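One structure below.
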Amino acid sequence: MRTRLLPALVAVLALLLAGCGDDRDGADDGRVTLRFQSLAWQEESVEVNKELVKEWNDTHPDVKVEYVQGSWDSVHDQLLTSFEGGEAPDIIHDASDDLADFAYGGYLADLTDLLPQRLKSDIPQRSWDTATFGDGIYGVPFLQEPRVLIANAKWLKESGVRIPTPQHPWTWPEFRRITAQLSGDGKYGVAWPLKEPVSASLNLSLSAGGQLFHRGADGKVTVRFEAADEVMPGTVHDQVNTDRSASPTTLGSGGSDTLPGFFGGRYAMVPLGFSYRQQIEQQAPKGFDWQVLPAPAGADGLTQGVSPQTLSVAEDSPHKQEAAAFIDFLLRPENMVRLALGDWMLPTGTAALKDPALHTSENDWATGTALAAHLRSAPAQSVRGYPEWKDKVATPAFQEYYSGAIGVAELRDRLEEDGNLVLARYQR
């Protein structure tokens, strides 16, 4: 009796398991379902993303996209868990500096042969470099933001200092002199929010020719903190500890934490990402006059590193072609402009960057757009082990250096000696 029942039970269990499977393989009617995990968080940005998903679904009845809300705060660990558990979303929103370990680990699909030529040619190679690992492309860079100086326009005008433009920016020494000139009576020329100091330090150091990470002929990366790498960190250190022109209390703050003091007239300038303009526009007191200035320039001009926001496809997705088609739709020039405006950032696409909405004087869009051609791949972009190096070595070392607890020699030793021990484990 039990022997005769066994095949029937096995068949029933197989049907039940099939019914519990991933619905991305398509419903009975042949429709494909893709999950798109977005990290949009500002109200305008979330709204635009959801609108675009709806527009896709209205015009593509055979390929349904489900919008899944993710969070920047936990995306790395969340993705790692979902990859290892076989539950990753088909389309993944992330940042390019978070992709290296996922790309080398085989979790992301190589998009080289999946993307249409239109999209490939619209985005400059310097942007593609941010999501290229080895011989493959593992993300489509679509939004980027330069670091800029947000300034109290009235304060600067009354001081009589030269106002920099993208065509004639301040040099790093000039920036230091001007912040000293603007300081005194409990007020500071600049407030550096460096709770997360590594990204700002590395990316702004590119203007002076700093690289920090150097790849040898064998493909292995080593850390060398050279003279060009000292320019930007040295300026901050001297503003805080020598000139007293930078507030020491904001070194452990995030960007938003500095805004009350900025609005209250304690700081003439705050270096922030371009997208912070939205918060400033919403929160500034009535009549507060602010403006966007380019970050200081060095030997390499206004060059700075960026880690653009990216869209990737999971290697385990059974519908890579459909996922790539959705990305192509999402990043049509007119849609890329909508996404950029919603996030108050710059698009990477050359066609989108020409849109008149990004060249207005309102909220200084034109100043940011003028910096787009100077944005390059962040130095740490393709370095395996960078997250651990950043957290365990570089963050505490830069924090102590900026506060004056250690000197530049100690900073160099820690970044190089301790840092290369970390990176070596990932390059065996």
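Naming scheme: A, B, ... for chains in displayed order of the structure tokens; residues 1 onward per chain; ligands 1 onward as shown.
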
Identify, on the basis of only C-alpha atoms, every residue whose closest approach to stretch 383-392 of chain A does not exceed 9 Å; exclude the query and any residue fewer than 4 positions from it along the same chain; express the result as number ranges by chain.
A: 97-98, 100-101, 104, 198-199, 213, 221, 379, 396-397, 415, 418-420, 422-427

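Secondary structure by DSSP on the backbone puts the following residues of stretch 235-286 of chain A in alpha helix (DSSP H): Thr235, Val236, His237, Asp238, Gln239, Val240, Asn241, Leu259, Pro260, Gly261, Phe262, Phe263, Arg277, Gln278, Gln279, Ile280, Glu281, Gln282 and Gln283 of chain A.
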
Contacts of A:Pro116 at 12 Å (only C-alpha atoms; same-chain gap of 6+ positions) as a list in words
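Skipping anything fewer than 6 positions along the chain leaves Asp122, Ile123, Val140, Gln321, Ala324, Ala325, Phe326, Ile327, Asp328, Phe329, Leu331 and Arg332 of chain A.
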
For stretch 334-345 of chain A, please output as a list in words all residues within 8 Å (counting only C-alpha atoms; exclusion window: fewer than 2 positions along the same chain).
Ala40, Gln42, Glu44, Ser45, Val46, Val48, Asn49, Leu52, Phe142, Leu143, Gln144, Glu145, Phe274, Ser275, Tyr276, Arg277, Gln278, Phe329, Leu330, Leu331, Arg332, Pro347, Gly349, Ala352, Leu353 and Asp355 of chain A

Sort by chain and increasing residue number a table of all residues of stretch 117-171 of chain A within 10 Å of stretch 247-262 of chain A, each with its closest pair of atoms and their distance in Å to one decimal, counting only C-alpha atoms, and write it as JSON lines.
{"residue": "A:Ile150", "atom": "CA", "partner": "A:Phe262", "partner_atom": "CA", "distance": 9.3}
{"residue": "A:Ala151", "atom": "CA", "partner": "A:Phe262", "partner_atom": "CA", "distance": 8.6}
{"residue": "A:Asn152", "atom": "CA", "partner": "A:Phe262", "partner_atom": "CA", "distance": 7.7}

What's around stretch 295-306 of chain A at 8 Å? Count only C-alpha atoms, leave out sequence neighbours fewer than 2 positions away in its own chain, and write the answer as a ChimeraX atom specification.
/A:144-149,166,169-172,175,202-209,271,293,308,371,374-379

Here is a test: counting only C-alpha atoms, which residue of A:Ser74, A:Gln309, A:Gln69, A:Thr367 is nearest to A:Gln37?
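Smallest separation from A:Gln37 among the options: A:Gln69.
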
Excluding same-chain residues fewer than 2 positions from A:Gly134, what lies within 9 Å of it counting only C-alpha atoms, as number ranges by chain?
A: 104, 132, 136-137, 382

In stretch 265-308 of chain A, DSSP strand (DSSP E) residues written as a ChimeraX atom specification
/A:269-273,290-294,304-306

One decimal, in Å: what's the spacing between atom CA of A:Val236 and atom CA of A:Ile280?
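These two atoms are separated by 23.4 Å.
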
Do you have, as a Markdown table, the list of residues of stretch 307-390 of chain A lying at most 10 Å from stretch 31-34 of chain A, each with its nearest atom pair and that distance in Å to one decimal, counting only C-alpha atoms and ordered by chain then number?
| residue | atom | partner | partner_atom | distance |
| --- | --- | --- | --- | --- |
| A:Ser317 | CA | A:Leu34 | CA | 8.6 |
| A:Pro318 | CA | A:Leu34 | CA | 9.4 |
| A:His319 | CA | A:Leu34 | CA | 7.8 |
| A:Lys320 | CA | A:Leu34 | CA | 9.5 |
| A:Glu322 | CA | A:Leu34 | CA | 8.1 |
| A:Ala323 | CA | A:Leu34 | CA | 7.0 |
| A:Phe326 | CA | A:Leu34 | CA | 9.2 |

Exercise: A:Lys154 partners within 10 Å, only C-alpha atoms, chain neighbours under 5 positions left out, as a PyMOL selection string:
chain A and resi 159+268+288-291

When distances are computed from only C-alpha atoms, which of A:Ala284, A:Val223, A:Val68, A:Ala394 shows the smallest separation from A:Ala200?
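Using only C-alpha atoms, the shortest distance to A:Ala200 belongs to A:Ala394.
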
Measuring atom to atom with only C-alpha atoms, identify which of A:Ser127, A:Asn363, A:Ser82, A:Ser38 is nearest to A:Asp316.
A:Ser82

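For the choices A:Phe83, A:Tyr138, A:Tyr67, A:Phe133, the atom-to-atom distance to A:Gly219 is smallest for A:Phe133 when using only C-alpha atoms.
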